[in-house]
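Worksheet for the structure shown next.
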Amino acid sequence: MCAPLNTQIERMERNLEALERKLEEVAGGMGGLTLLHGPAGIGKTRLLAEIEARAGLRGFRVLHGSGRAEAEGDAFHPWLDVARQLGIDALLPGAAAAETATHLSDVSSAHARRYESFRTIARTLAHSARARPIAIGLDDLQLADADGLEALRFLSPALAGAPVWILGAYRTGTGPRTEYALGLLA
């Protein structure tokens, strides 16, 4: 059963008010992660787009990435979209290709390269945010691959002290792996 329209509008307005307060915190230097979640069709993508627009009007640099079902085999999506907008997308494909290593020492080395890529992205974002705060919208995280979720787990706490806000949206009921991984971040 669908909630009455006025209830949905009131809920959206309350969510926007809370997200506006978070924009103020980020502008003041306190970054973080906010996850929007719920069933299909409740307005997560619309809310994400609205807060991205408001962030842009406040002078934030707005970056956006989306999980994509057709991105099968593309590691690190939706972060590839964000890295492209930062001009550092070459970092991630190298890390993804390194994951094909077959020897134990190669796997260990690939793991180290991947986390060095994450650290470089975190430094790049933190440095860029000194000039103006950054809002990163990540939509359809239920479609993100394991590497993309791992990047989110790493970058979220690494950027908490910088004016960088990661705002993600994901659909619930899409499977235990993604909900478990994203639930660890909430």
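Each chain in the structure tokens gets a letter, A, B, ..., in the order shown, and its residues are numbered from 1; ligands are numbered from 1 in order too.
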
Arg132 in chain A environment, 12 Å, only C-alpha atoms, sequence neighbours closer than 4 positions dropped, as a JSON list (two decimals) with N, CA and C atoms, in the first residue's frame:
```json
[["chain", "number", "residue", "atom", "x", "y", "z"],
["A", 26, "VAL", "N", 29.39, 20.01, 6.33],
["A", 26, "VAL", "CA", 30.48, 19.75, 5.39],
["A", 26, "VAL", "C", 31.15, 21.06, 4.99],
["A", 27, "ALA", "N", 30.35, 22.08, 4.73],
["A", 27, "ALA", "CA", 30.91, 23.40, 4.39],
["A", 27, "ALA", "C", 31.80, 23.91, 5.52],
["A", 28, "GLY", "N", 31.49, 23.52, 6.75],
["A", 28, "GLY", "CA", 32.29, 23.90, 7.91],
["A", 28, "GLY", "C", 33.50, 23.00, 8.13],
["A", 29, "GLY", "N", 33.71, 22.01, 7.27],
["A", 29, "GLY", "CA", 34.89, 21.18, 7.36],
["A", 29, "GLY", "C", 34.68, 19.77, 7.87],
["A", 55, "ALA", "N", 23.86, 21.45, -3.31],
["A", 55, "ALA", "CA", 25.29, 21.55, -2.99],
["A", 55, "ALA", "C", 25.98, 22.43, -4.03],
["A", 56, "GLY", "N", 25.67, 22.22, -5.31],
["A", 56, "GLY", "CA", 26.25, 23.04, -6.37],
["A", 56, "GLY", "C", 25.93, 24.51, -6.20],
["A", 58, "ARG", "N", 25.50, 26.01, -3.48],
["A", 58, "ARG", "CA", 26.25, 26.51, -2.32],
["A", 58, "ARG", "C", 27.75, 26.59, -2.61],
["A", 59, "GLY", "N", 28.16, 26.27, -3.83],
["A", 59, "GLY", "CA", 29.56, 26.39, -4.19],
["A", 59, "GLY", "C", 30.37, 25.11, -4.04],
["A", 60, "PHE", "N", 29.71, 24.00, -3.74],
["A", 60, "PHE", "CA", 30.40, 22.73, -3.67],
["A", 60, "PHE", "C", 30.81, 22.28, -5.06],
["A", 61, "ARG", "N", 31.89, 21.55, -5.13],
["A", 61, "ARG", "CA", 32.20, 20.81, -6.34],
["A", 61, "ARG", "C", 31.41, 19.51, -6.23],
["A", 62, "VAL", "N", 30.58, 19.23, -7.20],
["A", 62, "VAL", "CA", 29.71, 18.06, -7.16],
["A", 62, "VAL", "C", 30.22, 17.02, -8.14],
["A", 125, "LEU", "N", 41.12, 14.03, -3.22],
["A", 125, "LEU", "CA", 39.86, 14.63, -2.81],
["A", 125, "LEU", "C", 40.06, 15.62, -1.67],
["A", 126, "ALA", "N", 40.83, 15.24, -0.66],
["A", 126, "ALA", "CA", 41.06, 16.13, 0.49],
["A", 126, "ALA", "C", 41.77, 17.40, 0.04],
["A", 127, "HIS", "N", 42.75, 17.26, -0.84],
["A", 127, "HIS", "CA", 43.47, 18.44, -1.34],
["A", 127, "HIS", "C", 42.54, 19.35, -2.14],
["A", 128, "SER", "N", 41.76, 18.77, -3.03],
["A", 128, "SER", "CA", 40.83, 19.54, -3.85],
["A", 128, "SER", "C", 39.78, 20.23, -2.98],
["A", 162, "ALA", "N", 37.80, 15.92, 6.26],
["A", 162, "ALA", "CA", 37.90, 16.89, 5.17],
["A", 162, "ALA", "C", 36.49, 17.31, 4.77],
["A", 163, "PRO", "N", 36.34, 18.46, 4.14],
["A", 163, "PRO", "CA", 35.01, 18.88, 3.69],
["A", 163, "PRO", "C", 34.57, 18.13, 2.43],
["A", 164, "VAL", "N", 34.45, 16.80, 2.60],
["A", 164, "VAL", "CA", 34.04, 15.91, 1.51],
["A", 164, "VAL", "C", 32.88, 15.08, 2.04],
["A", 165, "TRP", "N", 31.76, 15.15, 1.35],
["A", 165, "TRP", "CA", 30.57, 14.40, 1.75],
["A", 165, "TRP", "C", 30.25, 13.38, 0.68]]
```

With only C-alpha atoms as the counted atoms, please give the residues lying no more than 7 Å from Thr34 in chain A, apart from itself and same-chain residues fewer than 2 positions off, as number ranges by chain. A: 32, 36, 166-168

Selected residues written out, all heavy atoms, as a PDB file, in the first residue's frame:
```
ATOM      1  N   GLY A  32      31.814  13.296   5.723  1.00  0.00           N
ATOM      2  CA  GLY A  32      31.166  12.092   6.201  1.00  0.00           C
ATOM      3  C   GLY A  32      30.472  11.336   5.096  1.00  0.00           C
ATOM      4  O   GLY A  32      30.623  11.637   3.909  1.00  0.00           O
ATOM      5  N   LEU A  36      21.252   6.732   1.703  1.00  0.00           N
ATOM      6  CA  LEU A  36      19.807   6.715   1.509  1.00  0.00           C
ATOM      7  C   LEU A  36      19.447   5.317   1.028  1.00  0.00           C
ATOM      8  O   LEU A  36      20.075   4.813   0.097  1.00  0.00           O
ATOM      9  CB  LEU A  36      19.396   7.739   0.447  1.00  0.00           C
ATOM     10  CG  LEU A  36      19.912   9.162   0.601  1.00  0.00           C
ATOM     11  CD1 LEU A  36      19.572   9.979  -0.640  1.00  0.00           C
ATOM     12  CD2 LEU A  36      19.337   9.791   1.856  1.00  0.00           C
ATOM     13  N   ILE A 166      30.195  12.134   1.088  1.00  0.00           N
ATOM     14  CA  ILE A 166      29.774  11.054   0.197  1.00  0.00           C
ATOM     15  C   ILE A 166      28.322  10.751   0.529  1.00  0.00           C
ATOM     16  O   ILE A 166      27.999  10.396   1.665  1.00  0.00           O
ATOM     17  CB  ILE A 166      30.648   9.798   0.378  1.00  0.00           C
ATOM     18  CG1 ILE A 166      32.123  10.124   0.123  1.00  0.00           C
ATOM     19  CG2 ILE A 166      30.157   8.680  -0.553  1.00  0.00           C
ATOM     20  CD1 ILE A 166      33.078   9.005   0.510  1.00  0.00           C
ATOM     21  N   LEU A 167      27.459  10.916  -0.445  1.00  0.00           N
ATOM     22  CA  LEU A 167      26.029  10.661  -0.282  1.00  0.00           C
ATOM     23  C   LEU A 167      25.664   9.538  -1.243  1.00  0.00           C
ATOM     24  O   LEU A 167      25.731   9.717  -2.461  1.00  0.00           O
ATOM     25  CB  LEU A 167      25.229  11.932  -0.587  1.00  0.00           C
ATOM     26  CG  LEU A 167      23.721  11.847  -0.490  1.00  0.00           C
ATOM     27  CD1 LEU A 167      23.278  11.474   0.926  1.00  0.00           C
ATOM     28  CD2 LEU A 167      23.091  13.173  -0.899  1.00  0.00           C
ATOM     29  N   GLY A 168      25.352   8.384  -0.694  1.00  0.00           N
ATOM     30  CA  GLY A 168      25.043   7.224  -1.512  1.00  0.00           C
ATOM     31  C   GLY A 168      23.589   6.828  -1.409  1.00  0.00           C
ATOM     32  O   GLY A 168      22.920   7.102  -0.416  1.00  0.00           O
TER      33      GLY A 168
END
```

CA of Glu20 in chain A and CA of Asp139 in chain A are how many Å apart? 18.4 Å

I'd like the contact shell of Leu47 in chain A - 9 Å cut-off, only C-alpha atoms, skipping same-chain residues fewer than 6 positions apart - returned as a short mmCIF file (atom, residue, chain, number, x, y, z; two decimals) with N, CA and C atoms, in the first residue's frame.
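Result saved to out-v8.cif:
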```
data_model
loop_
_atom_site.label_atom_id
_atom_site.label_comp_id
_atom_site.auth_asym_id
_atom_site.auth_seq_id
_atom_site.Cartn_x
_atom_site.Cartn_y
_atom_site.Cartn_z
N MET A 12 9.79 13.69 2.46
CA MET A 12 10.82 14.23 1.59
C MET A 12 11.34 15.56 2.12
N ASN A 15 13.58 14.93 5.07
CA ASN A 15 14.87 14.42 4.60
C ASN A 15 15.72 15.53 4.02
N LEU A 16 15.11 16.41 3.23
CA LEU A 16 15.85 17.53 2.65
C LEU A 16 16.38 18.46 3.73
N LEU A 36 21.25 6.73 1.70
CA LEU A 36 19.81 6.72 1.51
C LEU A 36 19.45 5.32 1.03
#
```

Which one is closest to Arg114 in chain A: A:Ala144, A:Ala75, A:Ile42, A:Leu63? Count only C-alpha atoms. A:Ala75

Near Asp147 in chain A, counting only C-alpha atoms, which residues have an atom at most 9 Å away, once you skip same-chain residues fewer than 5 positions from it, shown as a list of chain:residue names? A:Ala75, A:Phe76, A:His77, A:Ala96, A:Leu152

Written file, previous selection with N, CA and C atoms, as a compact mmCIF listing (two decimals), in the first residue's frame:
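again_15.txt, written as the output of this step:
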```txt
# COMPACT_ATOMS: atom_id res chain seq x y z
N ALA A 75 35.64 -3.02 -12.85
CA ALA A 75 35.90 -2.90 -11.42
C ALA A 75 35.80 -1.45 -10.99
N PHE A 76 35.46 -1.26 -9.76
CA PHE A 76 35.44 0.04 -9.08
C PHE A 76 34.32 0.98 -9.52
N HIS A 77 33.32 0.47 -10.24
CA HIS A 77 32.22 1.39 -10.52
C HIS A 77 31.39 1.46 -9.24
N ALA A 96 42.62 -2.54 -10.74
CA ALA A 96 41.71 -3.62 -11.09
C ALA A 96 42.43 -4.71 -11.87
N LEU A 152 34.52 2.42 -1.17
CA LEU A 152 33.64 3.21 -0.32
C LEU A 152 33.98 2.98 1.16
```

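Going from CA of Leu35 in chain A over to CA of Arg113 in chain A, you cover 27.5 Å.
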
So that I can check the surroundings of Phe118 in chain A, please list as a PyMOL selection string every protein, DNA and RNA residue that reaches within 8 Å of it, counting only C-alpha atoms and ignoring chain neighbours fewer than 5 positions away. chain A and resi 151+154-155

Please produce a file of those selected residues containing all heavy atoms, as a short mmCIF file (atom, residue, chain, number, x, y, z; two decimals), in the first residue's frame.
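File out29.cif, as written:
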```
data_model
loop_
_atom_site.label_atom_id
_atom_site.label_comp_id
_atom_site.auth_asym_id
_atom_site.auth_seq_id
_atom_site.Cartn_x
_atom_site.Cartn_y
_atom_site.Cartn_z
N ALA A 151 36.21 0.35 -1.99
CA ALA A 151 36.68 1.74 -2.07
C ALA A 151 35.83 2.64 -1.18
O ALA A 151 36.36 3.50 -0.48
CB ALA A 151 36.63 2.23 -3.52
N PHE A 154 36.83 2.20 2.40
CA PHE A 154 38.11 2.83 2.70
C PHE A 154 37.99 4.36 2.71
O PHE A 154 38.47 5.02 3.62
CB PHE A 154 39.18 2.42 1.67
CG PHE A 154 40.51 3.06 1.94
CD1 PHE A 154 41.42 2.44 2.77
CD2 PHE A 154 40.85 4.29 1.39
CE1 PHE A 154 42.65 3.03 3.05
CE2 PHE A 154 42.06 4.89 1.66
CZ PHE A 154 42.97 4.25 2.49
N LEU A 155 37.37 4.91 1.67
CA LEU A 155 37.35 6.36 1.49
C LEU A 155 36.48 7.09 2.51
O LEU A 155 36.81 8.20 2.92
CB LEU A 155 36.92 6.72 0.07
CG LEU A 155 37.92 6.33 -1.01
CD1 LEU A 155 37.31 6.47 -2.39
CD2 LEU A 155 39.20 7.16 -0.90
#
```

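Our summary of the geometry notes that CA of Leu80 in chain A is positioned 21.3 Å from CA of Ile51 in chain A.
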
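Closest to Arg84 in chain A among A:Ala40, A:Leu48, A:Ala135, A:Ile121 is A:Ile121, based on only C-alpha atoms.
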
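The smallest atom-to-atom distance between Arg153 in chain A and any of A:Arg46, A:Tyr170, A:Ala69, A:Tyr115, using only C-alpha atoms, is found for A:Tyr115.
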
Run DSSP on the backbone and grab whatever in range 126-163 of chain A lands in helix (DSSP H, G or I); send it over as an MDAnalysis selection string. chainID A and resid 126:131 141:143 146:158

For the residues in the current selection, export C-alpha atoms as a tab-separated table (two decimals), in the first residue's frame.
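File again.tsv, as written:
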```tsv
chain	number	residue	atom	x	y	z
A	126	ALA	CA	41.06	16.13	0.49
A	127	HIS	CA	43.47	18.44	-1.34
A	128	SER	CA	40.83	19.54	-3.85
A	129	ALA	CA	38.33	20.13	-1.02
A	130	ARG	CA	40.63	22.74	0.52
A	131	ALA	CA	39.61	25.12	-2.27
A	141	LEU	CA	25.08	1.31	-4.97
A	142	GLN	CA	23.24	-2.01	-4.99
A	143	LEU	CA	24.82	-2.47	-8.44
A	146	ALA	CA	32.98	-5.63	-4.64
A	147	ASP	CA	35.92	-3.32	-5.48
A	148	GLY	CA	33.61	-0.30	-5.60
A	149	LEU	CA	32.17	-1.17	-2.19
A	150	GLU	CA	35.67	-1.71	-0.80
A	151	ALA	CA	36.68	1.74	-2.07
A	152	LEU	CA	33.64	3.21	-0.32
A	153	ARG	CA	34.58	1.42	2.93
A	154	PHE	CA	38.11	2.83	2.70
A	155	LEU	CA	37.35	6.36	1.49
A	156	SER	CA	34.49	7.15	3.84
A	157	PRO	CA	36.52	7.19	7.09
A	158	ALA	CA	39.66	8.45	5.32
```

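When only C-alpha atoms are used to compute distances to Gly173 in chain A, the closest of the residues A:Gly43, A:Gly38, A:Gly31, A:Gly137 turns out to be A:Gly38.
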